[in-house]
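Enquirer: Got a file for you: structure-v6.csv, CSV, C-alpha atoms and all ligand atoms.
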chain,number,residue,atom,x,y,z
A,10,MET,CA,-8.3,-40.8,15.6
A,11,ASN,CA,-10.7,-41.2,18.5
A,12,LEU,CA,-9.2,-38.3,20.5
A,13,ARG,CA,-11.5,-38.3,23.5
A,14,ARG,CA,-9.6,-36.0,26.0
A,15,ALA,CA,-8.2,-32.6,25.6
A,16,VAL,CA,-6.1,-30.5,28.0
A,17,PHE,CA,-6.6,-26.8,28.1
A,18,PRO,CA,-3.9,-25.1,30.2
A,19,VAL,CA,-5.5,-21.9,31.5
A,20,ALA,CA,-3.5,-21.3,34.7
A,21,GLY,CA,-1.2,-18.5,33.5
A,22,TYR,CA,-1.4,-14.9,34.8
A,23,GLY,CA,-2.0,-13.3,31.4
A,24,THR,CA,0.4,-10.5,32.2
A,25,ARG,CA,0.2,-9.2,28.6
A,26,PHE,CA,-3.5,-8.4,29.2
A,27,LEU,CA,-3.2,-6.5,32.5
A,28,PRO,CA,-5.1,-4.8,34.0
A,29,ALA,CA,-8.0,-6.5,32.1
A,30,SER,CA,-6.8,-9.9,33.4
A,31,LYS,CA,-6.3,-8.9,37.0
A,32,ALA,CA,-9.6,-10.3,38.3
A,33,ILE,CA,-11.0,-12.0,35.1
A,34,PRO,CA,-9.2,-14.9,33.5
A,35,LYS,CA,-7.9,-13.6,30.1
A,36,GLU,CA,-9.3,-16.8,28.6
A,37,LEU,CA,-12.8,-15.4,29.4
A,38,LEU,CA,-12.4,-12.1,27.7
A,39,PRO,CA,-15.1,-12.0,25.1
A,40,ILE,CA,-14.4,-12.0,21.4
A,41,VAL,CA,-17.6,-10.6,20.0
A,42,ASP,CA,-20.1,-12.7,21.9
A,43,LYS,CA,-18.2,-15.7,23.3
A,44,PRO,CA,-15.3,-16.0,25.7
A,45,ALA,CA,-12.0,-16.7,23.9
A,46,VAL,CA,-11.7,-20.1,25.4
A,47,GLN,CA,-15.1,-21.2,24.1
A,48,TYR,CA,-13.8,-20.9,20.5
A,49,VAL,CA,-11.0,-23.3,21.5
A,50,VAL,CA,-13.2,-25.8,23.3
A,51,GLU,CA,-15.6,-25.7,20.3
A,52,GLU,CA,-12.7,-26.6,18.0
A,53,ALA,CA,-11.9,-29.6,20.1
A,54,VAL,CA,-15.5,-30.7,20.4
A,55,ALA,CA,-15.8,-30.5,16.6
A,56,ALA,CA,-12.9,-32.9,16.4
A,57,GLY,CA,-14.7,-35.4,18.6
A,58,VAL,CA,-13.3,-34.5,22.1
A,59,GLU,CA,-15.7,-35.5,24.9
A,60,THR,CA,-13.8,-34.5,28.0
A,61,ALA,CA,-12.1,-31.1,28.6
A,62,ILE,CA,-9.4,-31.1,31.3
A,63,PHE,CA,-8.8,-27.5,32.4
A,64,VAL,CA,-5.6,-26.9,34.1
A,65,THR,CA,-6.6,-23.9,36.2
A,66,ALA,CA,-5.4,-21.9,39.2
A,67,GLU,CA,-6.6,-19.9,42.1
A,68,GLY,CA,-9.1,-17.2,40.8
A,69,LYS,CA,-9.8,-19.0,37.5
A,70,SER,CA,-12.6,-21.3,38.4
A,71,ALA,CA,-15.0,-19.2,36.3
A,72,ILE,CA,-13.6,-21.0,33.3
A,73,GLU,CA,-15.0,-24.4,34.4
A,74,ASP,CA,-18.2,-22.7,35.6
A,75,HIS,CA,-18.7,-21.4,32.0
A,76,PHE,CA,-18.9,-25.0,30.7
A,77,ASP,CA,-21.1,-26.2,33.6
A,78,ARG,CA,-24.9,-25.8,33.8
A,79,ASN,CA,-26.3,-22.7,35.5
A,80,LEU,CA,-29.6,-23.9,36.8
A,81,ARG,CA,-30.6,-20.6,38.4
A,82,LEU,CA,-30.0,-18.7,35.1
A,83,GLU,CA,-31.8,-21.5,33.1
A,84,THR,CA,-34.9,-21.2,35.4
A,85,PHE,CA,-34.9,-17.4,35.1
A,86,LEU,CA,-34.8,-17.6,31.3
A,87,ALA,CA,-37.4,-20.4,31.1
A,88,GLU,CA,-39.8,-18.5,33.4
A,89,ARG,CA,-39.5,-15.4,31.1
A,90,GLY,CA,-40.0,-17.4,27.9
A,91,LYS,CA,-36.5,-16.5,26.6
A,92,ARG,CA,-36.2,-19.7,24.6
A,93,ASP,CA,-33.4,-18.6,22.3
A,94,LEU,CA,-31.1,-17.5,25.2
A,95,LEU,CA,-32.0,-20.6,27.2
A,96,ASP,CA,-30.9,-22.8,24.3
A,97,VAL,CA,-27.6,-20.8,24.0
A,98,VAL,CA,-26.9,-21.2,27.7
A,99,ARG,CA,-27.8,-24.9,27.8
A,100,GLN,CA,-25.7,-25.7,24.8
A,101,VAL,CA,-22.6,-24.3,26.4
A,102,GLY,CA,-23.3,-26.3,29.5
A,103,ALA,CA,-23.7,-29.5,27.6
A,104,MET,CA,-20.9,-29.3,25.0
A,105,VAL,CA,-18.3,-31.2,27.0
A,106,GLN,CA,-17.6,-33.2,30.2
A,107,VAL,CA,-15.5,-31.0,32.5
A,108,VAL,CA,-12.6,-32.0,34.6
A,109,ALA,CA,-10.5,-29.3,36.5
A,110,VAL,CA,-7.1,-29.8,37.9
A,111,ARG,CA,-5.0,-27.2,39.6
A,112,GLN,CA,-1.5,-26.0,38.7
A,113,LYS,CA,-0.6,-24.6,42.1
A,114,GLU,CA,2.2,-22.4,40.8
A,115,ALA,CA,2.6,-21.1,37.2
A,116,LEU,CA,5.7,-23.1,36.5
A,117,GLY,CA,5.4,-23.2,32.7
A,118,LEU,CA,3.3,-24.9,30.0
A,119,GLY,CA,5.1,-28.3,30.4
A,120,HIS,CA,4.4,-28.2,34.1
A,121,ALA,CA,0.8,-27.3,33.4
A,122,VAL,CA,0.3,-30.3,31.1
A,123,LEU,CA,2.0,-32.6,33.7
A,124,GLN,CA,-0.7,-31.6,36.2
A,125,ALA,CA,-3.3,-33.4,34.0
A,126,ALA,CA,-1.3,-36.6,33.9
A,127,PRO,CA,-3.3,-38.3,36.7
A,128,VAL,CA,-6.6,-38.0,34.7
A,129,LEU,CA,-5.1,-38.8,31.3
A,130,GLY,CA,-4.8,-42.6,31.3
A,131,ASP,CA,-2.7,-44.2,28.5
A,132,GLU,CA,-4.3,-42.8,25.4
A,133,PRO,CA,-3.1,-40.0,23.2
A,134,PHE,CA,-4.6,-36.6,24.1
A,135,ALA,CA,-4.9,-33.2,22.7
A,136,VAL,CA,-3.5,-30.0,24.2
A,137,LEU,CA,-5.0,-26.7,23.0
A,138,LEU,CA,-3.9,-23.3,24.3
A,139,GLY,CA,-6.7,-20.9,25.2
A,140,ASP,CA,-4.7,-18.0,23.6
A,141,ASP,CA,-4.5,-19.5,20.2
A,142,ILE,CA,-7.8,-19.2,18.4
A,143,ILE,CA,-8.1,-21.0,15.1
A,144,ILE,CA,-11.3,-20.4,13.1
A,145,GLY,CA,-11.9,-22.9,10.3
A,146,GLN,CA,-13.5,-26.1,9.2
A,147,PRO,CA,-12.3,-28.9,9.4
A,148,PRO,CA,-11.0,-28.2,13.0
A,149,ALA,CA,-7.3,-27.7,13.2
A,150,ILE,CA,-6.8,-30.2,16.0
A,151,GLY,CA,-8.6,-32.8,13.9
A,152,ARG,CA,-5.8,-32.5,11.3
A,153,LEU,CA,-3.2,-33.2,14.0
A,154,ALA,CA,-5.3,-36.1,15.3
A,155,GLU,CA,-5.4,-37.7,11.7
A,156,LEU,CA,-1.6,-37.5,11.5
A,157,ALA,CA,-1.2,-38.9,15.0
A,158,LEU,CA,-3.4,-41.8,14.0
A,159,GLU,CA,-1.3,-42.4,10.8
A,160,THR,CA,2.0,-42.3,12.6
A,161,GLY,CA,1.3,-43.3,16.2
A,162,ALA,CA,3.6,-40.4,17.2
A,163,PRO,CA,3.1,-37.0,18.9
A,164,VAL,CA,2.1,-34.2,16.5
A,165,ILE,CA,2.7,-30.4,16.8
A,166,ALA,CA,1.0,-27.6,14.8
A,167,VAL,CA,3.3,-25.3,13.0
A,168,MET,CA,2.9,-22.1,11.0
A,169,GLU,CA,5.3,-20.2,8.8
A,170,VAL,CA,6.2,-16.8,10.3
A,171,SER,CA,8.6,-14.1,9.2
A,172,PRO,CA,12.2,-14.4,10.3
A,173,ALA,CA,11.7,-11.4,12.6
A,174,GLU,CA,8.7,-13.0,14.4
A,175,ILE,CA,10.3,-16.4,15.1
A,176,SER,CA,11.9,-15.3,18.3
A,177,HIS,CA,8.4,-15.1,19.9
A,178,TYR,CA,7.7,-18.8,19.3
A,179,GLY,CA,9.1,-22.3,19.7
A,180,CYS,CA,10.6,-23.4,16.4
A,181,ILE,CA,11.2,-26.7,14.7
A,182,ALA,CA,14.0,-28.2,12.6
A,183,GLY,CA,13.1,-31.1,10.4
A,184,GLU,CA,12.5,-32.6,6.9
A,185,GLU,CA,9.3,-32.1,5.1
A,186,VAL,CA,8.1,-35.7,4.5
A,187,SER,CA,4.9,-34.8,2.6
A,188,ALA,CA,3.1,-31.5,1.8
A,189,GLY,CA,2.8,-29.6,5.1
A,190,VAL,CA,4.1,-32.4,7.2
A,191,TRP,CA,7.6,-32.5,8.8
A,192,ARG,CA,9.5,-35.2,10.7
A,193,VAL,CA,10.9,-33.1,13.6
A,194,ARG,CA,14.7,-33.3,14.2
A,195,ASP,CA,14.9,-30.6,16.9
A,196,LEU,CA,12.9,-28.0,18.7
A,197,VAL,CA,14.1,-24.7,20.1
A,198,GLU,CA,12.2,-22.3,22.3
A,199,LYS,CA,12.2,-18.6,21.2
A,200,PRO,CA,15.4,-18.8,19.0
A,201,ASP,CA,17.5,-15.8,18.1
A,202,PRO,CA,16.3,-15.0,14.5
A,203,ALA,CA,19.9,-15.2,13.3
A,204,HIS,CA,20.2,-18.9,14.5
A,205,ALA,CA,16.6,-20.1,14.1
A,206,PRO,CA,16.7,-23.5,12.3
A,207,SER,CA,13.5,-22.6,10.2
A,208,ASN,CA,10.7,-20.2,10.1
A,209,LEU,CA,8.2,-22.8,11.3
A,210,ALA,CA,6.7,-21.6,14.5
A,211,ILE,CA,5.0,-23.9,17.0
A,212,ILE,CA,1.4,-22.9,17.5
A,213,GLY,CA,-0.7,-23.9,20.5
A,214,ARG,CA,-2.1,-27.2,19.3
A,215,TYR,CA,-0.6,-30.6,20.1
A,216,VAL,CA,-1.6,-34.3,20.1
A,217,LEU,CA,0.6,-35.9,22.7
A,218,THR,CA,1.2,-39.4,23.9
A,219,PRO,CA,2.0,-40.9,27.3
A,220,ALA,CA,5.7,-40.9,26.2
A,221,VAL,CA,5.7,-37.1,26.2
A,222,LEU,CA,4.3,-37.1,29.8
A,223,GLN,CA,7.2,-39.4,30.8
A,224,ALA,CA,9.7,-37.1,29.1
A,225,LEU,CA,8.1,-34.0,30.7
A,226,ALA,CA,8.3,-35.7,34.2
A,227,ALA,CA,12.1,-35.9,33.7
A,228,THR,CA,12.5,-32.4,32.2
A,229,PRO,CA,14.3,-30.0,34.6
A,230,PRO,CA,13.1,-26.4,34.9
A,231,ASP,CA,14.8,-23.8,32.6
A,232,ARG,CA,16.7,-20.8,33.9
A,233,GLY,CA,13.4,-19.0,34.6
A,234,GLY,CA,12.2,-21.9,36.7
A,235,GLU,CA,9.7,-23.1,34.1
A,236,ILE,CA,9.2,-26.6,32.7
A,237,GLN,CA,8.8,-26.0,28.9
A,238,LEU,CA,6.6,-28.2,26.8
A,239,THR,CA,9.0,-27.6,23.9
A,240,GLU,CA,11.9,-29.1,26.0
A,241,GLY,CA,9.8,-32.1,26.9
A,242,LEU,CA,9.0,-32.7,23.2
A,243,ARG,CA,12.7,-32.4,22.4
A,244,ARG,CA,13.5,-35.1,24.9
A,245,THR,CA,10.7,-37.3,23.4
A,246,LEU,CA,12.7,-37.3,20.2
A,247,ALA,CA,15.1,-39.7,21.9
A,248,THR,CA,12.3,-42.3,22.3
A,249,GLY,CA,10.7,-42.1,18.9
A,250,PRO,CA,9.5,-39.8,16.1
A,251,VAL,CA,7.6,-36.5,16.5
A,252,TYR,CA,5.8,-34.9,13.6
A,253,ALA,CA,4.7,-31.3,12.9
A,254,CYS,CA,2.1,-30.2,10.4
A,255,THR,CA,0.3,-27.1,9.2
A,256,PHE,CA,-3.4,-26.8,9.8
A,257,PRO,CA,-6.5,-25.4,8.1
A,258,GLY,CA,-8.1,-22.2,9.4
A,259,LYS,CA,-7.2,-18.6,10.4
A,260,ARG,CA,-5.2,-18.2,13.6
A,261,PHE,CA,-5.2,-15.4,16.1
A,262,ASP,CA,-3.0,-14.9,19.1
A,263,ALA,CA,-5.6,-13.8,21.5
A,264,GLY,CA,-3.1,-13.4,24.3
A,265,ASN,CA,-1.7,-10.4,22.6
A,266,LYS,CA,-3.7,-7.1,22.6
A,267,ALA,CA,-3.3,-6.2,19.0
A,268,ASP,CA,-4.1,-9.7,17.7
A,269,PHE,CA,-7.1,-9.8,20.1
A,270,LEU,CA,-8.4,-6.7,18.4
A,271,ARG,CA,-7.8,-8.3,14.9
A,272,ALA,CA,-9.7,-11.4,16.0
A,273,THR,CA,-12.6,-9.2,17.3
A,274,VAL,CA,-12.9,-7.3,14.0
A,275,GLU,CA,-12.5,-10.3,11.7
A,276,ILE,CA,-14.9,-12.5,13.7
A,277,ALA,CA,-17.4,-9.7,14.0
A,278,LEU,CA,-17.3,-9.1,10.3
A,279,ASP,CA,-18.2,-12.7,9.7
A,280,HIS,CA,-20.9,-12.8,12.4
A,281,PRO,CA,-24.3,-13.8,10.8
A,282,GLU,CA,-26.3,-11.2,12.8
A,283,LEU,CA,-23.7,-8.5,13.5
A,284,GLY,CA,-21.5,-8.6,10.4
A,285,ALA,CA,-23.3,-6.4,8.0
A,286,GLY,CA,-24.0,-3.7,10.5
A,287,PHE,CA,-20.5,-3.8,11.9
A,288,ARG,CA,-19.1,-3.4,8.3
A,289,ARG,CA,-21.2,-0.3,7.8
A,290,MET,CA,-20.0,1.1,11.1
A,291,LEU,CA,-16.4,0.6,10.2
A,292,GLU,CA,-16.9,2.1,6.8
A,293,ASP,CA,-18.5,5.2,8.4
A,294,LEU,CA,-15.5,5.5,10.8
A,295,PHE,CA,-13.0,5.4,7.9
A,296,VAL,CA,-15.0,7.9,5.9
A,297,LYS,CA,-15.1,10.2,9.0
A,298,ALA,CA,-11.3,9.7,9.6
A,299,GLU,CA,-10.5,10.5,6.0
A,300,LYS,CA,-12.4,13.8,6.3
A,301,THR,CA,-10.5,15.0,9.3
A,401,LIG,P1,1.1,-17.8,27.9
A,401,LIG,O1,2.5,-17.6,28.2
A,401,LIG,O2,0.6,-17.2,26.6
A,401,LIG,O3,0.1,-17.3,29.0
A,401,LIG,O4,0.8,-19.4,27.9
A,401,LIG,P2,0.3,-16.4,30.3
A,401,LIG,O5,1.5,-16.8,31.0
A,401,LIG,O6,-1.0,-16.5,31.0
A,401,LIG,O7,0.3,-15.0,29.6
A,401,LIG,P3,1.4,-13.8,29.6
A,401,LIG,O8,2.5,-14.2,28.7
A,401,LIG,O9,1.8,-13.6,31.0
A,401,LIG,O10,0.5,-12.7,29.1
A,401,LIG,C1,-0.1,-20.0,27.0
A,401,LIG,C2,-1.2,-20.7,27.8
A,401,LIG,O11,-0.7,-21.6,28.8
A,401,LIG,C3,-1.2,-21.4,30.0
A,401,LIG,C4,-1.8,-19.9,30.0
A,401,LIG,O12,-2.9,-19.8,30.9
A,401,LIG,C5,-2.2,-19.8,28.5
A,401,LIG,O13,-3.5,-20.1,28.3
A,401,LIG,N1,-0.2,-21.5,31.1
A,401,LIG,C6,1.0,-20.9,31.0
A,401,LIG,C7,-0.4,-22.3,32.2
A,401,LIG,O14,-1.5,-22.9,32.3
A,401,LIG,N2,0.5,-22.5,33.1
A,401,LIG,C8,1.7,-21.8,33.1
A,401,LIG,O15,2.5,-22.0,34.0
A,401,LIG,C9,2.0,-21.0,31.9
Would you write out, as structure tokens, the structure that this file holds?
Ligand code: UTP
Expert:
Amino acid sequence: MNLRRAVFPVAGYGTRFLPASKAIPKELLPIVDKPAVQYVVEEAVAAGVETAIFVTAEGKSAIEDHFDRNLRLETFLAERGKRDLLDVVRQVGAMVQVVAVRQKEALGLGHAVLQAAPVLGDEPFAVLLGDDIIIGQPPAIGRLAELALETGAPVIAVMEVSPAEISHYGCIAGEEVSAGVWRVRDLVEKPDPAHAPSNLAIIGRYVLTPAVLQALAATPPDRGGEIQLTEGLRRTLATGPVYACTFPGKRFDAGNKADFLRATVEIALDHPELGAGFRRMLEDLFVKAEKT
């Protein structure tokens, strides 16, 4: 599918990462040598996305700056002959067209997506959460886009998790219609494990249609005052099918401190320049730890 636009909701407070996220958006915390959100934008670009719509908030404009050009820095690097760094900096500034819209209050993910509606037009669009990093080829969002093209319907990424973990996620109920593809019958946000309809957790990748925006616009806030994307999708079921699919690649929840560390270690081990040295460093640490 020609999926040209992607929405990146990045307006949350990142409370799980305090105090690190007090003045710095958690989406800009580095994983090895790139901010977390750059991995997510790169995935979208690899799937053909040309325009990134960041839903941001007060204090988070450094995110859109990261994907803009920085002419002063470029001049500085050019004058000193630092060609490699200049290329790195230019490439980030050129990877995507940037649009920023504001979510004036953090009223939930569904509310964040709704803020992008005025710049979305009437085509399907991707939504990628900056917390969910998926490393792999082909890009995970590209798999969802293929299925959206085949079905003409919204598509959600899902992943099997243990029954104990399902209460941290949105969850789907549905029939598997082909390997790794489900027609969704219902969606539940953070179910009690005893009553969860499946162990299929909703992961932060979606291909949505204008019908979902219409459903979201009519979705009331939940008891916590937030408009949930899961609830908007549940309401979309009344207007037509919704599909869910698994995706290629390894996923990390970078909004969570422990998984952020796992992402750092695994990505560092695979890094072409740092990997071998980092592996030796870890081995030394374990040897020392065993001796004490
Ligand atoms: P999270 O719930 O993981 O992010 O939402 P959060 O609220 O920033 O983090 P915690 O839970 O307090 O630690 C997933 C993504 O949706 C965005 C967040 O910025 C994050 O990238 N989001 C969430 C919004 O843009 N607006 C919201 O109202 C809520």
Enquirer: Which residues are close to Lys199 of chain A, i.e. within 10 Å by only C-alpha atoms, leaving aside same-chain residues fewer than 6 positions away? Reply as a list in words.
Expert: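 Surrounding residues, per the criterion: Glu174, Ile175, Ser176, His177, Tyr178, Gly179, Cys180, Ala205, Ala210, Ile211 and Thr239 of chain A.
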Enquirer: Around ligand LIG 401 (chain A), out to 7 Å and counting all atoms listed in the file, which residues are there? I want them as a CSV table (one decimal) with C-alpha atoms, in the frame of the given file.
Expert:
chain,number,residue,atom,x,y,z
A,18,PRO,CA,-3.9,-25.1,30.2
A,19,VAL,CA,-5.5,-21.9,31.5
A,20,ALA,CA,-3.5,-21.3,34.7
A,21,GLY,CA,-1.2,-18.5,33.5
A,22,TYR,CA,-1.4,-14.9,34.8
A,23,GLY,CA,-2.0,-13.3,31.4
A,24,THR,CA,0.4,-10.5,32.2
A,25,ARG,CA,0.2,-9.2,28.6
A,26,PHE,CA,-3.5,-8.4,29.2
A,36,GLU,CA,-9.3,-16.8,28.6
A,64,VAL,CA,-5.6,-26.9,34.1
A,65,THR,CA,-6.6,-23.9,36.2
A,112,GLN,CA,-1.5,-26.0,38.7
A,114,GLU,CA,2.2,-22.4,40.8
A,115,ALA,CA,2.6,-21.1,37.2
A,116,LEU,CA,5.7,-23.1,36.5
A,117,GLY,CA,5.4,-23.2,32.7
A,118,LEU,CA,3.3,-24.9,30.0
A,120,HIS,CA,4.4,-28.2,34.1
A,121,ALA,CA,0.8,-27.3,33.4
A,138,LEU,CA,-3.9,-23.3,24.3
A,139,GLY,CA,-6.7,-20.9,25.2
A,140,ASP,CA,-4.7,-18.0,23.6
A,264,GLY,CA,-3.1,-13.4,24.3
Enquirer: Which residue out of A:Ala56, A:Glu240, A:Gly130, A:Ala45 has the minimum interatomic distance to Pro147 of chain A when all atoms listed in the file are used?
Expert: A:Ala56
Enquirer: Give the answer as one residue: which of A:Ala247, A:Ala109, A:Ala173, A:Ala157 has the shortest atom-to-atom distance to Pro202 of chain A, using all atoms listed in the file?
Expert: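 Of A:Ala247, A:Ala109, A:Ala173, A:Ala157, the one nearest Pro202 of chain A, counting all atoms listed in the file, is A:Ala173.
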Enquirer: Would you mind listing what lies within 12 Å of segment 72-80 of chain A as a ChimeraX atom specification, with only C-alpha atoms counted and same-chain residues fewer than 4 positions away left out?
Expert: /A:17-20,33-38,43-47,50-51,60-68,84-87,95-111,139
Enquirer: Have a look at A:His204, A:Lys266, A:Arg13, A:Arg271 and name the one nearest to Pro28 of chain A; count all atoms listed in the file.
Expert: A:Lys266
Enquirer: Would you mind telling me which residue in A:Ala53, A:Ala32, A:Met290, A:Asn265 lies nearest to Ala277 of chain A when using only C-alpha atoms?
Expert: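 Looking at the shortest contact to Ala277 of chain A, the residue is A:Met290.
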Enquirer: Could you jot down the atom CA of Lys259 of chain A to atom CA of Ile165 of chain A separation for me, Å, one decimal place?
Expert: 16.7 Å
Enquirer: Quick check, in Å to one decimal: how far apart do atom CA of Tyr215 of chain A and atom CA of Glu275 of chain A lie?
Expert: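 Straight-line distance from atom CA of Tyr215 of chain A to atom CA of Glu275 of chain A works out to 25.0 Å.
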Enquirer: Tell me, in Å to one decimal, how far atom CA of Leu222 of chain A is from atom CA of Leu123 of chain A.
Expert: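 Going from atom CA of Leu222 of chain A over to atom CA of Leu123 of chain A, I get 6.4 Å.
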Enquirer: For segment 254-257 of chain A, please output as a PyMOL selection string all residues within 10 Å (counting only C-alpha atoms; exclusion window: fewer than 6 positions along the same chain).
Expert: chain A and resi 143-153+156+164-169+185+187-193+209-212+214
Enquirer: Pick from A:Leu196, A:Leu238, A:Val128, A:Ala15: nearest to Ala55 of chain A, with all atoms listed in the file counted?
Expert: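 The closest residue to Ala55 of chain A is A:Ala15.
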Enquirer: Generate the coordinates of N, CA and C atoms for segment 275-292 of chain A; report them as a JSON list (two decimals), in the frame of the given file.
Expert:
[["chain", "number", "residue", "atom", "x", "y", "z"],
["A", 275, "GLU", "N", -12.30, -9.34, 12.78],
["A", 275, "GLU", "CA", -12.50, -10.30, 11.70],
["A", 275, "GLU", "C", -13.72, -11.24, 12.06],
["A", 276, "ILE", "N", -13.81, -11.63, 13.32],
["A", 276, "ILE", "CA", -14.90, -12.50, 13.70],
["A", 276, "ILE", "C", -16.24, -11.75, 13.68],
["A", 277, "ALA", "N", -16.19, -10.48, 14.07],
["A", 277, "ALA", "CA", -17.40, -9.70, 14.00],
["A", 277, "ALA", "C", -17.89, -9.49, 12.58],
["A", 278, "LEU", "N", -16.94, -9.27, 11.66],
["A", 278, "LEU", "CA", -17.30, -9.10, 10.30],
["A", 278, "LEU", "C", -17.99, -10.31, 9.68],
["A", 279, "ASP", "N", -17.61, -11.48, 10.18],
["A", 279, "ASP", "CA", -18.20, -12.70, 9.70],
["A", 279, "ASP", "C", -19.44, -13.18, 10.46],
["A", 280, "HIS", "N", -19.80, -12.41, 11.49],
["A", 280, "HIS", "CA", -20.90, -12.80, 12.40],
["A", 280, "HIS", "C", -22.24, -12.74, 11.61],
["A", 281, "PRO", "N", -23.05, -13.80, 11.65],
["A", 281, "PRO", "CA", -24.30, -13.80, 10.80],
["A", 281, "PRO", "C", -25.24, -12.65, 11.21],
["A", 282, "GLU", "N", -25.33, -12.26, 12.48],
["A", 282, "GLU", "CA", -26.30, -11.20, 12.80],
["A", 282, "GLU", "C", -25.62, -9.80, 12.84],
["A", 283, "LEU", "N", -24.35, -9.76, 13.29],
["A", 283, "LEU", "CA", -23.70, -8.50, 13.50],
["A", 283, "LEU", "C", -22.88, -7.99, 12.32],
["A", 284, "GLY", "N", -22.46, -8.93, 11.46],
["A", 284, "GLY", "CA", -21.50, -8.60, 10.40],
["A", 284, "GLY", "C", -21.79, -7.46, 9.56],
["A", 285, "ALA", "N", -22.99, -7.46, 8.94],
["A", 285, "ALA", "CA", -23.30, -6.40, 8.00],
["A", 285, "ALA", "C", -23.33, -5.03, 8.64],
["A", 286, "GLY", "N", -23.96, -4.93, 9.80],
["A", 286, "GLY", "CA", -24.00, -3.70, 10.50],
["A", 286, "GLY", "C", -22.67, -3.18, 10.94],
["A", 287, "PHE", "N", -21.85, -4.12, 11.38],
["A", 287, "PHE", "CA", -20.50, -3.80, 11.90],
["A", 287, "PHE", "C", -19.65, -3.26, 10.69],
["A", 288, "ARG", "N", -19.81, -3.89, 9.53],
["A", 288, "ARG", "CA", -19.10, -3.40, 8.30],
["A", 288, "ARG", "C", -19.44, -1.98, 8.02],
["A", 289, "ARG", "N", -20.74, -1.68, 8.06],
["A", 289, "ARG", "CA", -21.20, -0.30, 7.80],
["A", 289, "ARG", "C", -20.59, 0.67, 8.80],
["A", 290, "MET", "N", -20.56, 0.23, 10.07],
["A", 290, "MET", "CA", -20.00, 1.10, 11.10],
["A", 290, "MET", "C", -18.54, 1.38, 10.88],
["A", 291, "LEU", "N", -17.80, 0.35, 10.47],
["A", 291, "LEU", "CA", -16.40, 0.60, 10.20],
["A", 291, "LEU", "C", -16.19, 1.49, 9.00],
["A", 292, "GLU", "N", -17.01, 1.27, 7.96],
["A", 292, "GLU", "CA", -16.90, 2.10, 6.80],
["A", 292, "GLU", "C", -17.15, 3.59, 7.14]]
